Amino acid sequence: MNILTNISTLYRVPVDGAHEDVDAVSDAAVAWEGDTIRYAGPVAELPSDYADAQRFDAGGGCVVPGLIDCHTHLCFGGWRGDEFAARLEGASYQDIQASGGGINSTVRATRNTDIDALVAKAASALSDMAALGVTTVEAKSGYGLDRDNELKQLEVYRRLQSSQALEIVPTFLGAHLVPVEYRERRDDYLALLCEELIPEVAQRELARFCDVFIEENAFTLDEGRRILETAKSCGLGLKIHADQLSSGGGAGLAAELGAVSAEHLEYAAEGDIRAMADAGTVAVSLPIASLYLREPFLPARKWIDHGARVAVATDFNPGSAPSYHLHLAMTLAAVHQRMSPSEVLRGVTSHAARAIGLHATHGSLMPGYRADLAVIDAPDINHWLYHFRPNACAMTLKSGDWVERR
């Protein structure tokens, strides 16, 4: 048995609580055995039979469930700093993509990068994420866009799962864009996805979810429906990149098909917001992408008022969100999406866990949940999000083991 004490404020975050309910406890302790939380509550109520447990000191910081980054594009070749400069000079995301840049640029770089180099690059990012208190990461493919390179990306995630501490939740995003070589024969690429790649990915258990980018210059609503229905028939969970740059109905399709989440959603229609709330589909906000693209931020108040769960993630990728700093995404969500610190904390814990199908075991510090937590060098979450620092996380526990202690 292990016990963490000297906690200023403990945030237990019950999984089925209201948006503002993070169950804050002062002068608290957390006890765990193996990879499971056994007690989380006031020091005064700590069971006496824990007296001989190994003790750790939180240094007077606050403690939150291990952070979950529920939308990343972790594996990719190259970077795209030149496009960042072009956007500052007035080029739009769509302009860059139409000229052969954007996702196509990263596809070329990823295809030309061997698997060992991709593993090393992603592992470096994961190490930095662990230092930030992140314990679980959803990671998409989508920069291969052919059989061998999509599978290569998913194999990177399989290797990483066994070679480092953080938990990887892989998502197949072969429907990120129609690749250049299929531009004049879209139906052939859809056939490749639906008849070959999705069944193989599911059969080899290389991904838990299938995602599709429904947007102008990506995939249509009908194409997205075909891809996702195929994935569902193969046993994969569903996600959708929806309504990021225009209102295309992706959010409504996510609700209709029972997707676990829809992501971006800056331009989602009012009726689709209500449909997602009614369906229980998590709205994943990606404020770093809004910042870099200078697009509107997700109107979180509208979503929350409709009863939707709003998660917060980084969208880490080399083009529109080249940062895996989840604390930055959290502060942006508070400032630009008008989410309270409590709502933001739920967005990176219990709601994020639901967006990757792990809400029964992750995202909370209630007894029986996974022993994933972060010790934050701040008295409470209000101060944490207000006083943005390079890294306020002092300690990270994953599955009962310390992966970071400073």
# chains A, B, ... in the order shown; residues from 1 in each chain; ligands from 1
$ residues_around --residues "range 142-157 of chain A" --least-positions-apart "6" --cutoff "9 Å" --atoms "only C-alpha atoms" --output "ChimeraX atom specification"
/A:73-77,103-104,106-111,114-116,118-119,122,168-179,189,192-193,196-197,201,206-207
$ write_last_selection --atoms "N, CA and C atoms" --output "compact mmCIF listing (two decimals), in the first residue's frame"
# COMPACT_ATOMS: atom_id res chain seq x y z
N HIS A 73 -2.36 13.76 -32.83
CA HIS A 73 -1.82 13.12 -34.04
C HIS A 73 -0.33 12.88 -33.75
N LEU A 74 -0.07 12.01 -32.79
CA LEU A 74 1.24 11.90 -32.16
C LEU A 74 2.36 11.50 -33.11
N CYS A 75 2.07 10.64 -34.07
CA CYS A 75 3.11 10.09 -34.96
C CYS A 75 3.10 10.80 -36.30
N PHE A 76 4.19 11.46 -36.62
CA PHE A 76 4.29 12.13 -37.93
C PHE A 76 5.75 12.40 -38.25
N GLY A 77 6.04 12.52 -39.54
CA GLY A 77 7.36 12.93 -39.99
C GLY A 77 7.40 14.42 -40.26
N ILE A 103 -1.76 18.81 -44.81
CA ILE A 103 -1.70 17.38 -44.50
C ILE A 103 -0.86 16.63 -45.53
N ASN A 104 -0.99 17.00 -46.81
CA ASN A 104 -0.21 16.31 -47.85
C ASN A 104 1.29 16.42 -47.62
N THR A 106 2.80 16.60 -44.70
CA THR A 106 3.16 15.67 -43.64
C THR A 106 3.05 14.22 -44.10
N VAL A 107 2.12 13.95 -45.00
CA VAL A 107 2.04 12.59 -45.56
C VAL A 107 3.35 12.23 -46.26
N ARG A 108 3.85 13.14 -47.07
CA ARG A 108 5.13 12.87 -47.76
C ARG A 108 6.25 12.63 -46.75
N ALA A 109 6.33 13.46 -45.73
CA ALA A 109 7.39 13.33 -44.74
C ALA A 109 7.25 12.03 -43.94
N THR A 110 6.02 11.66 -43.60
CA THR A 110 5.80 10.45 -42.81
C THR A 110 6.11 9.20 -43.63
N ARG A 111 5.72 9.20 -44.88
CA ARG A 111 6.04 8.06 -45.74
C ARG A 111 7.55 7.89 -45.89
N ASP A 114 11.43 6.32 -41.46
CA ASP A 114 11.31 4.91 -41.07
C ASP A 114 10.70 4.78 -39.67
N ILE A 115 10.26 3.59 -39.36
CA ILE A 115 9.48 3.38 -38.15
C ILE A 115 10.28 3.66 -36.89
N ASP A 116 11.58 3.35 -36.90
CA ASP A 116 12.39 3.61 -35.70
C ASP A 116 12.47 5.10 -35.41
N LEU A 118 10.25 7.36 -36.30
CA LEU A 118 8.93 7.80 -35.85
C LEU A 118 8.70 7.43 -34.38
N VAL A 119 9.14 6.24 -33.99
CA VAL A 119 9.00 5.83 -32.59
C VAL A 119 9.79 6.77 -31.69
N ALA A 122 8.06 10.27 -31.40
CA ALA A 122 6.85 10.24 -30.58
C ALA A 122 7.17 9.97 -29.12
N ILE A 168 -1.49 4.43 -24.39
CA ILE A 168 -1.81 4.89 -25.73
C ILE A 168 -3.15 4.31 -26.16
N VAL A 169 -4.05 5.15 -26.64
CA VAL A 169 -5.32 4.70 -27.21
C VAL A 169 -5.26 5.00 -28.71
N PRO A 170 -5.03 3.99 -29.56
CA PRO A 170 -4.82 4.24 -30.99
C PRO A 170 -6.13 4.38 -31.77
N THR A 171 -6.13 5.32 -32.69
CA THR A 171 -7.28 5.58 -33.56
C THR A 171 -6.83 5.55 -35.02
N PHE A 172 -7.59 4.84 -35.85
CA PHE A 172 -7.30 4.77 -37.28
C PHE A 172 -7.96 5.95 -37.98
N LEU A 173 -7.14 6.80 -38.62
CA LEU A 173 -7.64 7.98 -39.34
C LEU A 173 -7.17 7.93 -40.79
N GLY A 174 -7.34 6.78 -41.43
CA GLY A 174 -7.02 6.69 -42.85
C GLY A 174 -7.87 7.64 -43.68
N ALA A 175 -9.02 8.05 -43.14
CA ALA A 175 -9.89 9.01 -43.81
C ALA A 175 -9.61 10.43 -43.32
N HIS A 176 -8.33 10.79 -43.34
CA HIS A 176 -7.92 12.14 -42.98
C HIS A 176 -8.04 13.07 -44.19
N LEU A 177 -7.68 12.52 -45.34
CA LEU A 177 -7.70 13.25 -46.59
C LEU A 177 -7.61 12.21 -47.70
N VAL A 178 -8.14 12.52 -48.88
CA VAL A 178 -7.91 11.66 -50.03
C VAL A 178 -6.49 11.95 -50.54
N PRO A 179 -5.60 10.95 -50.58
CA PRO A 179 -4.22 11.24 -50.97
C PRO A 179 -4.12 11.66 -52.43
N TYR A 189 -10.13 4.94 -53.41
CA TYR A 189 -9.58 5.11 -52.06
C TYR A 189 -10.61 4.71 -51.00
N LEU A 192 -10.45 1.05 -50.78
CA LEU A 192 -9.28 0.62 -50.02
C LEU A 192 -9.55 0.72 -48.52
N LEU A 193 -10.14 1.82 -48.10
CA LEU A 193 -10.44 2.01 -46.68
C LEU A 193 -11.45 0.97 -46.17
N GLU A 196 -10.45 -3.09 -47.33
CA GLU A 196 -9.17 -3.66 -46.96
C GLU A 196 -8.64 -3.15 -45.62
N LEU A 197 -8.44 -1.83 -45.53
CA LEU A 197 -7.72 -1.30 -44.37
C LEU A 197 -8.51 -1.40 -43.07
N VAL A 201 -7.18 -3.49 -39.88
CA VAL A 201 -6.88 -2.80 -38.63
C VAL A 201 -7.67 -3.40 -37.48
N LEU A 206 -5.19 -3.15 -34.12
CA LEU A 206 -4.23 -2.06 -34.16
C LEU A 206 -4.83 -0.73 -33.71
N ALA A 207 -6.15 -0.65 -33.63
CA ALA A 207 -6.81 0.58 -33.21
C ALA A 207 -8.08 0.23 -32.45
$ closest_atom_pairs --of "range 352-389 of chain A" --to "range 282-299 of chain A" --cutoff "12 Å" --atoms "only C-alpha atoms" --output "CSV"
residue,atom,partner,partner_atom,distance
A:Ala352,CA,A:Val284,CA,7.8
A:Ala353,CA,A:Val282,CA,9.9
A:Arg354,CA,A:Val282,CA,7.2
A:Ala355,CA,A:Val282,CA,5.7
A:Ile356,CA,A:Val282,CA,9.4
A:Gly357,CA,A:Val282,CA,10.3
A:His359,CA,A:Val282,CA,11.6
$ select_by_dssp --residues "range 310-404 of chain A" --states "strand (DSSP E)" --output "VMD selection string"
chain A and resid 310 to 312 373 to 376 393 to 398 401 to 404
$ write_last_selection --atoms "N, CA and C atoms" --output "short mmCIF file (atom, residue, chain, number, x, y, z; two decimals), in the first residue's frame"
data_model
loop_
_atom_site.label_atom_id
_atom_site.label_comp_id
_atom_site.auth_asym_id
_atom_site.auth_seq_id
_atom_site.Cartn_x
_atom_site.Cartn_y
_atom_site.Cartn_z
N VAL A 310 -18.14 18.50 -22.51
CA VAL A 310 -17.09 19.13 -23.31
C VAL A 310 -15.73 18.72 -22.77
N ALA A 311 -14.98 18.01 -23.58
CA ALA A 311 -13.60 17.64 -23.24
C ALA A 311 -12.65 18.67 -23.84
N VAL A 312 -11.42 18.67 -23.36
CA VAL A 312 -10.39 19.59 -23.85
C VAL A 312 -9.15 18.77 -24.18
N LEU A 373 -2.49 9.88 -11.35
CA LEU A 373 -2.72 11.20 -10.77
C LEU A 373 -1.57 12.13 -11.08
N ALA A 374 -1.82 13.42 -10.89
CA ALA A 374 -0.79 14.45 -11.04
C ALA A 374 -0.81 15.35 -9.82
N VAL A 375 0.37 15.66 -9.32
CA VAL A 375 0.53 16.62 -8.23
C VAL A 375 0.90 17.96 -8.85
N ILE A 376 0.08 18.97 -8.61
CA ILE A 376 0.26 20.29 -9.21
C ILE A 376 0.78 21.27 -8.16
N CYS A 393 3.34 20.99 -12.99
CA CYS A 393 3.22 19.62 -12.47
C CYS A 393 4.52 19.21 -11.78
N ALA A 394 4.41 18.73 -10.55
CA ALA A 394 5.58 18.30 -9.79
C ALA A 394 5.78 16.80 -9.79
N MET A 395 4.70 16.03 -9.88
CA MET A 395 4.78 14.57 -9.80
C MET A 395 3.68 13.96 -10.66
N THR A 396 4.00 12.84 -11.29
CA THR A 396 3.02 12.11 -12.12
C THR A 396 3.05 10.64 -11.74
N LEU A 397 1.88 10.11 -11.42
CA LEU A 397 1.73 8.69 -11.10
C LEU A 397 0.93 8.03 -12.20
N LYS A 398 1.45 6.94 -12.77
CA LYS A 398 0.73 6.19 -13.80
C LYS A 398 0.63 4.73 -13.38
N ASP A 401 2.68 3.70 -10.36
CA ASP A 401 4.13 3.92 -10.36
C ASP A 401 4.43 5.37 -10.71
N TRP A 402 5.43 5.94 -10.02
CA TRP A 402 5.85 7.30 -10.33
C TRP A 402 6.61 7.33 -11.64
N VAL A 403 6.16 8.14 -12.56
CA VAL A 403 6.91 8.33 -13.81
C VAL A 403 7.58 9.69 -13.84
N GLU A 404 7.23 10.55 -12.89
CA GLU A 404 7.84 11.88 -12.78
C GLU A 404 7.77 12.31 -11.33
#
$ select_by_dssp --residues "range 254-320 of chain A" --states "helix (DSSP H, G or I)" --output "count of residues only"
27
$ residues_around --residues "range 252-257 of chain A" --least-positions-apart "5" --cutoff "6 Å" --atoms "only C-alpha atoms" --output "MDAnalysis selection string"
chainID A and resid 272 275:276 279
$ closest_residue --among "A:Arg208, A:Arg185, A:Arg12, A:Arg274" --to "Pro65 in chain A" --atoms "only C-alpha atoms"
A:Arg12
$ closest_residue --among "A:Ile37, A:Ala321, A:Leu328, A:Val344" --to "Phe84 in chain A" --atoms "only C-alpha atoms"
A:Ala321
$ closest_residue --among "A:Gly280, A:Asp243, A:Gly59, A:Ser92" --to "Ala378 in chain A" --atoms "only C-alpha atoms"
A:Gly59
$ atom_distance --atom1 "CA of Asn112 in chain A" --atom2 "CA of Glu215 in chain A"
26.7 Å
$ closest_residue --among "A:Glu263, A:Asp52, A:Leu126, A:Arg183" --to "Gln161 in chain A" --atoms "only C-alpha atoms"
A:Leu126
$ residues_around --residues "Thr136 in chain A" --least-positions-apart "4" --cutoff "7 Å" --atoms "only C-alpha atoms" --output "list of chain:residue names"
A:Leu67, A:Ile68, A:Asp69, A:Leu166, A:Glu167, A:Ile168
$ write_last_selection --atoms "N, CA and C atoms" --output "short mmCIF file (atom, residue, chain, number, x, y, z; two decimals), in the first residue's frame"
data_model
loop_
_atom_site.label_atom_id
_atom_site.label_comp_id
_atom_site.auth_asym_id
_atom_site.auth_seq_id
_atom_site.Cartn_x
_atom_site.Cartn_y
_atom_site.Cartn_z
N LEU A 67 -4.00 13.42 -16.17
CA LEU A 67 -4.60 14.14 -17.29
C LEU A 67 -4.67 13.24 -18.52
N ILE A 68 -5.72 13.43 -19.30
CA ILE A 68 -5.96 12.61 -20.50
C ILE A 68 -6.01 13.54 -21.70
N ASP A 69 -5.09 13.35 -22.63
CA ASP A 69 -5.12 14.11 -23.88
C ASP A 69 -5.85 13.23 -24.90
N LEU A 166 3.27 5.78 -20.51
CA LEU A 166 1.94 6.31 -20.74
C LEU A 166 1.08 5.35 -21.54
N GLU A 167 -0.21 5.45 -21.31
CA GLU A 167 -1.18 4.58 -21.99
C GLU A 167 -1.57 5.21 -23.32
N ILE A 168 -1.49 4.43 -24.39
CA ILE A 168 -1.81 4.89 -25.73
C ILE A 168 -3.15 4.31 -26.16
#
$ atom_distance --atom1 "CA of Ala98 in chain A" --atom2 "CA of Phe213 in chain A"
15.9 Å
$ residues_around --residues "Arg55 in chain A" --least-positions-apart "4" --cutoff "7 Å" --atoms "only C-alpha atoms" --output "PyMOL selection string"
chain A and resi 2-4
